[in-house]
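Next up, entry_36.txt (compact mmCIF, C-alpha atoms (C1' of nucleotides)):
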```txt
# COMPACT_ATOMS: atom_id res chain seq x y z
CA MET A 20 0.00 0.00 0.00
CA ARG A 21 2.89 2.37 0.78
CA GLN A 22 4.38 1.61 -2.64
CA ILE A 23 1.10 2.25 -4.44
CA ALA A 24 0.63 5.45 -2.47
CA ALA A 25 4.12 6.62 -3.40
CA ASP A 26 3.49 5.86 -7.08
CA VAL A 27 0.32 7.95 -7.13
CA GLY A 28 1.88 10.69 -4.99
CA VAL A 29 0.05 10.46 -1.66
CA GLN A 30 0.68 9.02 1.77
CA ALA A 31 -0.46 5.47 2.55
CA GLY A 32 -3.35 6.52 4.74
CA ALA A 33 -4.92 8.58 1.97
CA LEU A 34 -5.53 5.45 -0.11
CA TYR A 35 -8.24 4.41 2.30
CA ASN A 36 -10.41 7.20 0.96
CA TYR A 37 -10.64 5.14 -2.22
CA THR A 38 -10.71 1.55 -1.04
CA PRO A 39 -11.90 -0.03 2.20
CA ASP A 40 -8.92 -2.41 2.26
CA LYS A 41 -6.22 -4.03 0.17
CA GLN A 42 -8.27 -7.08 -0.78
CA SER A 43 -10.96 -4.89 -2.33
CA LEU A 44 -8.36 -2.96 -4.27
CA LEU A 45 -6.86 -6.13 -5.71
CA PHE A 46 -10.28 -7.54 -6.53
CA ASP A 47 -11.41 -4.33 -8.23
CA LEU A 48 -8.24 -4.30 -10.35
CA MET A 49 -8.70 -7.89 -11.43
CA LYS A 50 -12.41 -7.54 -12.04
CA ALA A 51 -11.86 -4.44 -14.18
CA HIS A 52 -9.21 -6.30 -16.16
CA MET A 53 -11.55 -9.21 -16.89
CA ASP A 54 -14.54 -7.00 -17.68
CA GLU A 55 -12.50 -4.94 -20.10
CA LEU A 56 -11.10 -8.08 -21.73
CA LEU A 57 -14.58 -9.45 -22.39
CA ILE A 58 -15.89 -6.14 -23.68
CA ALA A 59 -12.89 -5.64 -25.95
CA TYR A 60 -13.23 -9.18 -27.27
CA ASP A 61 -16.94 -8.95 -28.02
CA ASP A 62 -16.30 -5.62 -29.62
CA ALA A 63 -13.49 -6.86 -31.84
CA MET A 64 -15.04 -10.06 -33.13
CA GLN A 65 -16.78 -10.13 -36.47
CA SER A 66 -18.96 -12.90 -37.86
CA GLY A 67 -17.49 -15.49 -40.17
CA ALA A 68 -16.70 -19.17 -40.58
CA PRO A 69 -15.18 -20.95 -37.56
CA LEU A 70 -11.72 -20.85 -39.13
CA ASP A 71 -12.00 -17.09 -39.60
CA GLN A 72 -13.25 -16.65 -36.07
CA LEU A 73 -10.40 -18.72 -34.72
CA GLU A 74 -7.92 -16.55 -36.56
CA GLN A 75 -9.56 -13.47 -35.07
CA PHE A 76 -9.36 -15.00 -31.62
CA VAL A 77 -5.65 -15.74 -31.97
CA SER A 78 -4.92 -12.24 -33.21
CA PHE A 79 -7.03 -10.59 -30.53
CA HIS A 80 -5.70 -12.66 -27.65
CA ILE A 81 -2.03 -12.24 -28.50
CA ARG A 82 -2.24 -8.52 -29.11
CA TYR A 83 -4.53 -7.68 -26.21
CA HIS A 84 -2.40 -9.56 -23.71
CA ALA A 85 0.94 -8.45 -25.11
CA ALA A 86 -0.19 -4.85 -24.74
CA ARG A 87 -0.93 -5.30 -20.99
CA PRO A 88 1.85 -7.48 -19.57
CA GLU A 89 1.53 -6.06 -16.05
CA ALA A 90 -2.24 -6.54 -15.81
CA VAL A 91 -1.93 -10.08 -17.20
CA PHE A 92 0.85 -10.86 -14.75
CA ILE A 93 -1.21 -9.66 -11.79
CA ALA A 94 -4.37 -11.36 -13.02
CA TYR A 95 -2.51 -14.65 -12.86
CA MET A 96 -0.02 -14.28 -10.00
CA GLU A 97 -2.39 -12.72 -7.50
CA LEU A 98 -5.25 -15.18 -7.96
CA ARG A 99 -4.15 -16.99 -4.84
CA ASN A 100 -4.44 -13.82 -2.77
CA LEU A 101 -8.14 -13.38 -3.45
CA THR A 102 -10.68 -14.46 -0.85
CA ASP A 103 -12.68 -17.54 -1.82
CA GLU A 104 -15.66 -15.41 -2.74
CA ASN A 105 -13.67 -12.97 -4.86
CA PHE A 106 -11.77 -15.81 -6.50
CA ALA A 107 -15.03 -17.45 -7.56
CA GLU A 108 -16.17 -14.26 -9.25
CA ILE A 109 -12.93 -13.77 -11.18
CA GLU A 110 -12.84 -17.45 -12.08
CA ALA A 111 -16.33 -17.19 -13.55
CA LEU A 112 -15.18 -14.36 -15.81
CA ARG A 113 -12.17 -16.40 -16.92
CA ARG A 114 -14.42 -19.32 -17.76
CA SER A 115 -16.66 -17.02 -19.72
CA TYR A 116 -13.69 -15.97 -21.85
CA GLU A 117 -12.55 -19.56 -22.31
CA ALA A 118 -16.08 -20.49 -23.34
CA ARG A 119 -15.94 -18.01 -26.20
CA LEU A 120 -12.99 -19.89 -27.68
CA GLU A 121 -14.60 -23.24 -26.99
CA ASP A 122 -17.74 -22.11 -28.81
CA ILE A 123 -15.67 -21.35 -31.90
CA LEU A 124 -14.11 -24.79 -31.70
CA LYS A 125 -17.51 -26.45 -31.25
CA ALA A 126 -18.86 -24.61 -34.28
CA GLY A 127 -15.88 -25.78 -36.32
CA VAL A 128 -16.39 -29.36 -35.23
CA ALA A 129 -20.12 -29.15 -35.99
CA ASP A 130 -19.61 -28.00 -39.56
CA GLY A 131 -16.76 -30.44 -40.14
CA ALA A 132 -14.02 -27.82 -40.49
CA PHE A 133 -12.15 -28.82 -37.32
CA ASP A 134 -10.89 -32.12 -36.01
CA VAL A 135 -10.92 -31.57 -32.25
CA SER A 136 -11.90 -34.45 -30.01
CA ASP A 137 -12.23 -32.46 -26.76
CA THR A 138 -13.10 -28.81 -27.28
CA ARG A 139 -12.72 -27.89 -23.59
CA VAL A 140 -9.19 -29.25 -23.38
CA ALA A 141 -8.29 -27.76 -26.74
CA ALA A 142 -9.52 -24.34 -25.60
CA MET A 143 -7.43 -24.51 -22.43
CA ALA A 144 -4.39 -25.70 -24.38
CA LEU A 145 -4.64 -22.95 -26.98
CA ILE A 146 -5.16 -20.19 -24.44
CA ALA A 147 -2.14 -21.37 -22.44
CA MET A 148 -0.06 -21.43 -25.60
CA LEU A 149 -1.14 -17.94 -26.69
CA THR A 150 -0.77 -16.34 -23.27
CA GLY A 151 2.74 -17.79 -23.12
CA VAL A 152 3.81 -15.16 -25.64
CA ASN A 153 4.01 -12.73 -22.71
CA THR A 154 6.80 -14.72 -21.05
CA TRP A 155 9.28 -14.12 -23.83
CA PHE A 156 8.11 -11.48 -26.31
CA ARG A 157 9.84 -8.11 -26.10
CA GLU A 158 9.18 -5.14 -28.36
CA GLY A 159 12.20 -4.46 -30.51
CA GLY A 160 13.46 -8.03 -30.37
CA ARG A 161 14.14 -10.48 -33.19
CA LEU A 162 10.47 -10.74 -34.17
CA SER A 163 7.73 -8.20 -34.76
CA MET A 164 4.24 -8.63 -33.35
CA ASP A 165 3.09 -9.48 -36.87
CA ASP A 166 5.71 -12.22 -37.09
CA VAL A 167 4.61 -13.65 -33.76
CA GLU A 168 0.97 -13.59 -34.73
CA ALA A 169 1.70 -15.40 -37.99
CA LEU A 170 3.80 -18.06 -36.28
CA TYR A 171 1.19 -18.80 -33.62
CA TRP A 172 -1.68 -18.73 -36.07
CA ASP A 173 0.14 -21.29 -38.21
CA MET A 174 0.48 -23.65 -35.26
CA VAL A 175 -3.06 -23.11 -33.98
CA ARG A 176 -4.59 -23.58 -37.41
CA LYS A 177 -2.78 -26.83 -38.06
CA SER A 178 -3.52 -28.19 -34.59
CA VAL A 179 -7.30 -28.05 -35.11
CA LEU A 180 -7.50 -29.10 -38.75
CA CYS A 181 -7.94 -32.67 -39.89
CA MET B 13 10.08 -19.18 7.67
CA ARG B 14 7.88 -19.72 10.73
CA GLN B 15 5.41 -21.65 8.57
CA ILE B 16 8.10 -23.87 7.12
CA ALA B 17 9.48 -24.44 10.61
CA ALA B 18 6.06 -25.44 11.90
CA ASP B 19 5.57 -27.85 8.98
CA VAL B 20 8.85 -29.64 9.69
CA GLY B 21 8.28 -29.50 13.44
CA VAL B 22 10.89 -27.05 14.73
CA GLN B 23 11.01 -23.41 15.81
CA ALA B 24 11.87 -20.74 13.25
CA GLY B 25 15.36 -20.13 14.58
CA ALA B 26 16.35 -23.76 14.09
CA LEU B 27 15.98 -23.43 10.30
CA TYR B 28 19.11 -21.30 10.22
CA ASN B 29 21.16 -24.38 11.01
CA TYR B 30 20.26 -25.53 7.49
CA THR B 31 20.22 -22.37 5.42
CA PRO B 32 22.04 -19.05 5.81
CA ASP B 33 18.90 -17.10 4.79
CA LYS B 34 15.55 -17.32 3.03
CA GLN B 35 16.91 -16.40 -0.39
CA SER B 36 19.35 -19.32 -0.32
CA LEU B 37 16.59 -21.68 0.70
CA LEU B 38 14.39 -20.59 -2.20
CA PHE B 39 17.26 -20.76 -4.66
CA ASP B 40 18.29 -24.24 -3.48
CA LEU B 41 14.72 -25.48 -3.88
CA MET B 42 14.42 -24.08 -7.39
CA LYS B 43 17.86 -25.25 -8.45
CA ALA B 44 17.16 -28.77 -7.18
CA HIS B 45 13.88 -28.78 -9.08
CA MET B 46 15.56 -27.81 -12.34
CA ASP B 47 18.49 -30.17 -11.89
CA GLU B 48 16.16 -33.07 -11.22
CA LEU B 49 14.01 -32.15 -14.22
CA LEU B 50 16.99 -32.23 -16.56
CA ILE B 51 18.33 -35.48 -15.11
CA ALA B 52 14.92 -37.16 -15.29
CA TYR B 53 14.48 -35.97 -18.86
CA ASP B 54 17.86 -37.15 -20.09
CA ASP B 55 17.25 -40.41 -18.31
CA ALA B 56 13.81 -40.96 -19.84
CA MET B 57 14.58 -40.12 -23.45
CA GLN B 58 15.36 -42.87 -25.92
CA SER B 59 16.72 -42.44 -29.42
CA GLY B 60 14.40 -42.39 -32.37
CA ALA B 61 13.07 -40.32 -35.23
CA PRO B 62 12.18 -36.68 -34.43
CA LEU B 63 8.47 -37.51 -34.37
CA ASP B 64 9.09 -40.28 -31.83
CA GLN B 65 11.26 -38.00 -29.76
CA LEU B 66 8.63 -35.30 -29.82
CA GLU B 67 6.04 -37.77 -28.60
CA GLN B 68 8.39 -38.77 -25.78
CA PHE B 69 8.90 -35.14 -24.87
CA VAL B 70 5.17 -34.48 -24.68
CA SER B 71 4.59 -37.54 -22.53
CA PHE B 72 7.49 -36.79 -20.23
CA HIS B 73 6.72 -33.13 -19.80
CA ILE B 74 3.04 -33.56 -19.02
CA ARG B 75 3.55 -36.42 -16.58
CA TYR B 76 6.60 -35.01 -14.83
CA HIS B 77 4.98 -31.63 -14.25
CA ALA B 78 1.54 -32.97 -13.35
CA ALA B 79 3.18 -35.10 -10.66
CA ARG B 80 4.79 -32.04 -9.01
CA PRO B 81 2.25 -29.24 -9.12
CA GLU B 82 3.65 -27.46 -6.04
CA ALA B 83 7.25 -27.47 -7.25
CA VAL B 84 6.16 -26.27 -10.70
CA PHE B 85 4.06 -23.54 -9.13
CA ILE B 86 6.95 -22.28 -7.01
CA ALA B 87 9.43 -22.57 -9.85
CA TYR B 88 7.29 -20.13 -11.80
CA MET B 89 5.71 -17.85 -9.21
CA GLU B 90 8.83 -17.23 -7.15
CA LEU B 91 11.12 -16.39 -10.05
CA ARG B 92 10.66 -12.70 -9.32
CA ASN B 93 11.88 -13.17 -5.75
CA LEU B 94 15.31 -14.45 -6.77
CA THR B 95 18.29 -12.10 -6.74
CA ASP B 96 19.56 -11.17 -10.19
CA GLU B 97 22.45 -13.59 -9.86
CA ASN B 98 20.27 -16.50 -8.72
CA PHE B 99 17.68 -15.71 -11.36
CA ALA B 100 20.31 -15.91 -14.08
CA GLU B 101 21.36 -19.36 -12.93
CA ILE B 102 17.80 -20.73 -12.85
CA GLU B 103 17.03 -19.08 -16.17
CA ALA B 104 20.03 -20.82 -17.74
CA LEU B 105 18.68 -24.18 -16.61
CA ARG B 106 15.26 -23.37 -18.04
CA ARG B 107 16.82 -22.45 -21.34
CA SER B 108 18.74 -25.68 -21.33
CA TYR B 109 15.48 -27.59 -21.00
CA GLU B 110 13.81 -25.54 -23.73
CA ALA B 111 16.82 -26.18 -25.97
CA ARG B 112 16.22 -29.92 -25.71
CA LEU B 113 12.79 -29.49 -27.27
CA GLU B 114 14.10 -27.06 -29.83
CA ASP B 115 16.78 -29.57 -30.85
CA ILE B 116 14.08 -32.14 -31.54
CA LEU B 117 12.21 -29.62 -33.67
CA LYS B 118 15.38 -28.68 -35.55
CA ALA B 119 16.12 -32.33 -36.28
CA GLY B 120 12.60 -32.78 -37.60
CA VAL B 121 12.91 -29.74 -39.84
CA ALA B 122 16.31 -30.92 -41.06
CA ASP B 123 15.03 -34.32 -42.16
CA GLY B 124 11.86 -32.88 -43.62
CA ALA B 125 9.47 -34.47 -41.10
CA PHE B 126 8.38 -31.17 -39.54
CA ASP B 127 7.11 -27.93 -40.98
CA VAL B 128 8.16 -25.38 -38.36
CA SER B 129 9.34 -21.97 -39.50
CA ASP B 130 10.73 -20.78 -36.16
CA THR B 131 11.89 -23.57 -33.88
CA ARG B 132 12.59 -21.29 -30.92
CA VAL B 133 9.10 -19.82 -30.91
CA ALA B 134 7.55 -23.23 -31.51
CA ALA B 135 9.45 -24.68 -28.54
CA MET B 136 8.25 -21.86 -26.27
CA ALA B 137 4.69 -22.22 -27.55
CA LEU B 138 4.58 -25.98 -27.04
CA ILE B 139 6.09 -25.84 -23.54
CA ALA B 140 3.58 -23.19 -22.49
CA MET B 141 0.76 -25.31 -23.85
CA LEU B 142 1.93 -28.47 -22.11
CA THR B 143 2.67 -26.81 -18.77
CA GLY B 144 -0.82 -25.35 -18.89
CA VAL B 145 -2.18 -28.80 -18.05
CA ASN B 146 -1.30 -28.06 -14.43
CA THR B 147 -3.77 -25.19 -14.26
CA TRP B 148 -6.82 -27.39 -14.79
CA PHE B 149 -6.00 -31.10 -14.53
CA ARG B 150 -7.18 -32.84 -11.36
CA GLU B 151 -6.74 -36.52 -10.60
CA GLY B 152 -10.12 -38.23 -10.55
CA GLY B 153 -11.75 -35.72 -12.88
CA ARG B 154 -13.42 -36.27 -16.23
CA LEU B 155 -10.21 -37.31 -17.97
CA SER B 156 -7.40 -39.70 -17.08
CA MET B 157 -3.76 -38.77 -17.49
CA ASP B 158 -3.68 -41.10 -20.51
CA ASP B 159 -6.59 -39.20 -22.06
CA VAL B 160 -4.86 -35.88 -21.48
CA GLU B 161 -1.60 -37.11 -22.94
CA ALA B 162 -3.39 -38.39 -26.05
CA LEU B 163 -5.28 -35.13 -26.56
CA TYR B 164 -2.20 -32.96 -26.23
CA TRP B 165 -0.06 -35.23 -28.37
CA ASP B 166 -2.67 -35.04 -31.11
CA MET B 167 -2.54 -31.24 -31.09
CA VAL B 168 1.25 -31.04 -30.84
CA ARG B 169 1.77 -33.58 -33.61
CA LYS B 170 -0.53 -31.80 -36.01
CA SER B 171 0.89 -28.38 -35.22
CA VAL B 172 4.39 -29.33 -36.40
CA LEU B 173 3.52 -31.50 -39.39
CA CYS B 174 3.18 -30.18 -42.91
C1' DG C 8 -9.00 14.67 0.69
C1' DT C 9 -4.60 14.59 2.53
C1' DC C 10 -1.51 14.81 6.21
C1' DT C 11 1.07 13.01 10.48
C1' DA C 12 1.24 9.84 13.98
C1' DT C 13 0.60 5.60 15.61
C1' DA C 14 -1.45 0.91 16.86
C1' DC C 15 -0.83 -3.66 16.04
C1' DT C 16 0.86 -7.61 13.63
C1' DC C 17 3.98 -10.16 11.03
C1' DT C 18 8.63 -10.96 9.03
C1' DG C 19 13.54 -12.48 8.65
C1' DA C 20 17.24 -13.01 11.37
C1' DT C 21 20.42 -13.25 15.62
C1' DA C 22 22.05 -14.32 20.54
C1' DG C 23 22.77 -17.21 24.07
C1' DA C 24 21.19 -21.05 27.21
C1' DC C 25 20.79 -25.93 27.16
C1' DG D 11 20.86 -29.02 17.00
C1' DT D 12 16.97 -26.94 19.17
C1' DC D 13 14.98 -23.81 22.26
C1' DT D 14 13.38 -19.07 24.03
C1' DA D 15 13.76 -14.37 23.68
C1' DT D 16 14.36 -10.58 21.12
C1' DC D 17 15.55 -7.07 17.54
C1' DA D 18 14.72 -4.13 13.61
C1' DG D 19 11.94 -3.29 9.92
C1' DA D 20 7.87 -3.63 7.12
C1' DG D 21 3.06 -4.54 6.63
C1' DT D 22 -2.11 -2.99 6.86
C1' DA D 23 -5.08 -0.10 8.87
C1' DT D 24 -7.03 3.73 11.92
C1' DA D 25 -7.44 8.36 14.41
C1' DG D 26 -7.59 12.99 14.43
C1' DA D 27 -5.80 17.59 12.81
C1' DC D 28 -6.10 20.62 8.95
```

Rewrite the structure of this file - the entire thing - as structure tokens.
Amino acid sequence: MRQIAADVGVQAGALYNYTPDKQSLLFDLMKAHMDELLIAYDDAMQSGAPLDQLEQFVSFHIRYHAARPEAVFIAYMELRNLTDENFAEIEALRRSYEARLEDILKAGVADGAFDVSDTRVAAMALIAMLTGVNTWFREGGRLSMDDVEALYWDMVRKSVLC
Amino acid sequence: MRQIAADVGVQAGALYNYTPDKQSLLFDLMKAHMDELLIAYDDAMQSGAPLDQLEQFVSFHIRYHAARPEAVFIAYMELRNLTDENFAEIEALRRSYEARLEDILKAGVADGAFDVSDTRVAAMALIAMLTGVNTWFREGGRLSMDDVEALYWDMVRKSVLC
DNA sequence: GTCTATACTCTGATAGAC
DNA sequence: GTCTATCAGAGTATAGAC
């Protein structure tokens, strides 16, 4: 709390005019992150065949998360510091996001475009793979964001096709 | 330190007969984890074509990590609490492990079995995907470890083939 | 709304008796 | 090798002045 206060230019005590306690502050941060993710996703997606939608998902996920490394880091690392009740609420939002990818996969399986035997596992696997970009990607490195997106899309596409 | 002491049945002060400080204890834990991972891997791998080796890697990685969820969790979450020097040493071991997968991918590209345009990125992507199993897999759930291994191997295999 | 001051708790680590 | 006692610092949170 002292560190946060210093970063925003007040003393620690003054923070309690804005949050009842530290747990609420963490929860509000994480909830805002998840809400904004879902809104941005629903806003970005356009209709199309499952393969097109999957490509949009890959592009959106990589770019959205790469642009917010600190928020993504906190959203993952601080999960264990939420109360049971707060954790359940954040977890529900995460599942809602995962379900959006799973729905794309289900649609692809239904129309015969995808060969995926367990859409839930595939969704979890793909999200883990895509989020992993944040652990190594650095702006100005060997690869551009476009390069990264193309490389991951190539792997994702092949992994769900017949 | 008090919590660790309680778990092993001594008072906090007694721990300092075994470690000079908390940083050393964390580093030793993480170093042991990485050393054992590399030894277990080199011990488990058998020669074969790149595709066979890749299948062995997938099987080994999923099972080894799923069997040690707490060690894997610490090895990732506590990275930021290592001193720069200690971090560099752990990071080198991680890279060594990643290089083993990348070598398999390179061999597959060299003999024409794999279609992977960036073996470094592919190695990072696959490891992130496989380690992600730990975030959701629970013994006694809907799927057995064999099921999980088969599902992930199917996705990995397809993602690197032409 | 912010400050200073402070209460209270927890933390890593050390000293010295046994 | 373990204990008790303790230190110094940091943590969250509150009280009351301005």

Next on the checklist: Counting all atoms listed in the file, find residues at most 12 Å from (-9.5, 6.5, 11.5) (file frame) and give them as a ChimeraX atom specification.
Outcome noted: /A:32-33,35-36,39 /C:12-14 /D:23-27

After a least-squares superposition on chain B over all sequentially paired C-alpha atoms, what is chain A as a compact mmCIF listing (two decimals) with C-alpha atoms, keeping the file's coordinate frame?
```txt
# COMPACT_ATOMS: atom_id res chain seq x y z
CA MET A 20 10.06 -19.21 7.64
CA ARG A 21 7.79 -19.74 10.66
CA GLN A 22 5.38 -21.69 8.46
CA ILE A 23 8.13 -23.89 7.04
CA ALA A 24 9.49 -24.46 10.53
CA ALA A 25 6.06 -25.46 11.78
CA ASP A 26 5.60 -27.88 8.87
CA VAL A 27 8.89 -29.64 9.62
CA GLY A 28 8.29 -29.53 13.38
CA VAL A 29 10.88 -27.07 14.69
CA GLN A 30 11.00 -23.45 15.77
CA ALA A 31 11.85 -20.76 13.21
CA GLY A 32 15.32 -20.11 14.55
CA ALA A 33 16.36 -23.73 14.09
CA LEU A 34 16.01 -23.43 10.31
CA TYR A 35 19.10 -21.27 10.23
CA ASN A 36 21.18 -24.33 11.01
CA TYR A 37 20.31 -25.50 7.51
CA THR A 38 20.24 -22.34 5.43
CA PRO A 39 22.02 -19.01 5.82
CA ASP A 40 18.89 -17.09 4.80
CA LYS A 41 15.56 -17.32 3.03
CA GLN A 42 16.89 -16.39 -0.39
CA SER A 43 19.34 -19.30 -0.33
CA LEU A 44 16.58 -21.67 0.69
CA LEU A 45 14.38 -20.58 -2.20
CA PHE A 46 17.26 -20.76 -4.65
CA ASP A 47 18.30 -24.22 -3.48
CA LEU A 48 14.71 -25.47 -3.88
CA MET A 49 14.43 -24.09 -7.39
CA LYS A 50 17.86 -25.24 -8.44
CA ALA A 51 17.16 -28.77 -7.18
CA HIS A 52 13.88 -28.78 -9.08
CA MET A 53 15.57 -27.80 -12.35
CA ASP A 54 18.50 -30.17 -11.90
CA GLU A 55 16.17 -33.07 -11.21
CA LEU A 56 14.01 -32.16 -14.21
CA LEU A 57 17.00 -32.24 -16.55
CA ILE A 58 18.33 -35.48 -15.11
CA ALA A 59 14.93 -37.16 -15.29
CA TYR A 60 14.47 -35.98 -18.86
CA ASP A 61 17.85 -37.17 -20.09
CA ASP A 62 17.24 -40.41 -18.31
CA ALA A 63 13.82 -40.97 -19.84
CA MET A 64 14.56 -40.14 -23.45
CA GLN A 65 15.35 -42.87 -25.92
CA SER A 66 16.73 -42.47 -29.43
CA GLY A 67 14.40 -42.42 -32.39
CA ALA A 68 13.08 -40.31 -35.24
CA PRO A 69 12.19 -36.68 -34.43
CA LEU A 70 8.48 -37.51 -34.38
CA ASP A 71 9.09 -40.28 -31.85
CA GLN A 72 11.26 -38.01 -29.76
CA LEU A 73 8.63 -35.31 -29.81
CA GLU A 74 6.05 -37.77 -28.59
CA GLN A 75 8.39 -38.78 -25.78
CA PHE A 76 8.91 -35.15 -24.87
CA VAL A 77 5.17 -34.48 -24.68
CA SER A 78 4.58 -37.54 -22.54
CA PHE A 79 7.51 -36.80 -20.25
CA HIS A 80 6.73 -33.12 -19.79
CA ILE A 81 3.05 -33.57 -19.02
CA ARG A 82 3.55 -36.41 -16.58
CA TYR A 83 6.60 -35.01 -14.83
CA HIS A 84 4.98 -31.64 -14.25
CA ALA A 85 1.56 -32.99 -13.35
CA ALA A 86 3.19 -35.12 -10.67
CA ARG A 87 4.82 -32.06 -9.00
CA PRO A 88 2.25 -29.24 -9.11
CA GLU A 89 3.66 -27.48 -6.04
CA ALA A 90 7.27 -27.47 -7.25
CA VAL A 91 6.17 -26.27 -10.70
CA PHE A 92 4.05 -23.55 -9.13
CA ILE A 93 6.94 -22.30 -7.01
CA ALA A 94 9.43 -22.57 -9.85
CA TYR A 95 7.29 -20.14 -11.80
CA MET A 96 5.69 -17.86 -9.19
CA GLU A 97 8.81 -17.23 -7.14
CA LEU A 98 11.12 -16.40 -10.03
CA ARG A 99 10.66 -12.73 -9.30
CA ASN A 100 11.87 -13.18 -5.73
CA LEU A 101 15.29 -14.44 -6.76
CA THR A 102 18.26 -12.09 -6.71
CA ASP A 103 19.54 -11.15 -10.16
CA GLU A 104 22.42 -13.57 -9.85
CA ASN A 105 20.27 -16.48 -8.71
CA PHE A 106 17.66 -15.71 -11.35
CA ALA A 107 20.30 -15.90 -14.08
CA GLU A 108 21.35 -19.35 -12.93
CA ILE A 109 17.81 -20.72 -12.84
CA GLU A 110 17.03 -19.08 -16.17
CA ALA A 111 20.02 -20.81 -17.74
CA LEU A 112 18.68 -24.18 -16.60
CA ARG A 113 15.26 -23.36 -18.03
CA ARG A 114 16.83 -22.45 -21.35
CA SER A 115 18.75 -25.69 -21.32
CA TYR A 116 15.48 -27.60 -21.00
CA GLU A 117 13.82 -25.55 -23.72
CA ALA A 118 16.81 -26.20 -25.96
CA ARG A 119 16.24 -29.93 -25.70
CA LEU A 120 12.80 -29.51 -27.25
CA GLU A 121 14.10 -27.07 -29.83
CA ASP A 122 16.78 -29.58 -30.85
CA ILE A 123 14.08 -32.16 -31.54
CA LEU A 124 12.21 -29.64 -33.65
CA LYS A 125 15.38 -28.68 -35.54
CA ALA A 126 16.11 -32.33 -36.27
CA GLY A 127 12.58 -32.78 -37.59
CA VAL A 128 12.90 -29.75 -39.82
CA ALA A 129 16.30 -30.94 -41.08
CA ASP A 130 15.03 -34.33 -42.16
CA GLY A 131 11.84 -32.88 -43.63
CA ALA A 132 9.46 -34.45 -41.12
CA PHE A 133 8.37 -31.15 -39.54
CA ASP A 134 7.09 -27.91 -40.97
CA VAL A 135 8.17 -25.38 -38.34
CA SER A 136 9.33 -21.97 -39.49
CA ASP A 137 10.75 -20.78 -36.14
CA THR A 138 11.90 -23.59 -33.87
CA ARG A 139 12.61 -21.30 -30.90
CA VAL A 140 9.12 -19.83 -30.90
CA ALA A 141 7.56 -23.23 -31.50
CA ALA A 142 9.47 -24.67 -28.53
CA MET A 143 8.27 -21.87 -26.25
CA ALA A 144 4.70 -22.23 -27.52
CA LEU A 145 4.61 -25.99 -27.01
CA ILE A 146 6.11 -25.85 -23.54
CA ALA A 147 3.60 -23.19 -22.48
CA MET A 148 0.77 -25.31 -23.84
CA LEU A 149 1.96 -28.48 -22.09
CA THR A 150 2.69 -26.82 -18.76
CA GLY A 151 -0.81 -25.35 -18.87
CA VAL A 152 -2.16 -28.80 -18.06
CA ASN A 153 -1.29 -28.06 -14.42
CA THR A 154 -3.77 -25.18 -14.25
CA TRP A 155 -6.80 -27.38 -14.78
CA PHE A 156 -5.99 -31.09 -14.51
CA ARG A 157 -7.18 -32.83 -11.36
CA GLU A 158 -6.76 -36.52 -10.58
CA GLY A 159 -10.13 -38.21 -10.54
CA GLY A 160 -11.75 -35.70 -12.87
CA ARG A 161 -13.44 -36.22 -16.23
CA LEU A 162 -10.21 -37.28 -17.95
CA SER A 163 -7.43 -39.68 -17.07
CA MET A 164 -3.77 -38.77 -17.47
CA ASP A 165 -3.70 -41.07 -20.49
CA ASP A 166 -6.60 -39.18 -22.04
CA VAL A 167 -4.86 -35.87 -21.47
CA GLU A 168 -1.62 -37.11 -22.94
CA ALA A 169 -3.39 -38.37 -26.05
CA LEU A 170 -5.29 -35.12 -26.54
CA TYR A 171 -2.19 -32.95 -26.22
CA TRP A 172 -0.07 -35.23 -28.35
CA ASP A 173 -2.69 -35.03 -31.10
CA MET A 174 -2.54 -31.24 -31.08
CA VAL A 175 1.25 -31.04 -30.84
CA ARG A 176 1.76 -33.57 -33.61
CA LYS A 177 -0.55 -31.79 -36.01
CA SER A 178 0.90 -28.37 -35.21
CA VAL A 179 4.40 -29.33 -36.39
CA LEU A 180 3.51 -31.48 -39.38
CA CYS A 181 3.19 -30.16 -42.90
```

Per residue of chain B within 8 Å of chain C, note the shortest atom pair and the distance in Å to one decimal, counting all atoms listed in the file, and order the rows by chain and increasing residue number, as JSON lines.
```
{"residue": "B:Met13", "atom": "CA", "partner": "C:DG19", "partner_atom": "C1'", "distance": 7.6}
{"residue": "B:Asp33", "atom": "CA", "partner": "C:DA20", "partner_atom": "C1'", "distance": 7.9}
{"residue": "B:Lys34", "atom": "CA", "partner": "C:DG19", "partner_atom": "C1'", "distance": 7.7}
```

Next on the checklist: Tell me as a ChimeraX atom specification which residues belonging to chain D come within 8 Å of chain B, counting only C-alpha atoms (C1' of nucleotides).
Outcome noted: /D:11-13

Checklist outcome for this item: As a check of understanding: the span from atom CA of Tyr83 of chain A to atom CA of Tyr88 of chain B is 22.4 Å
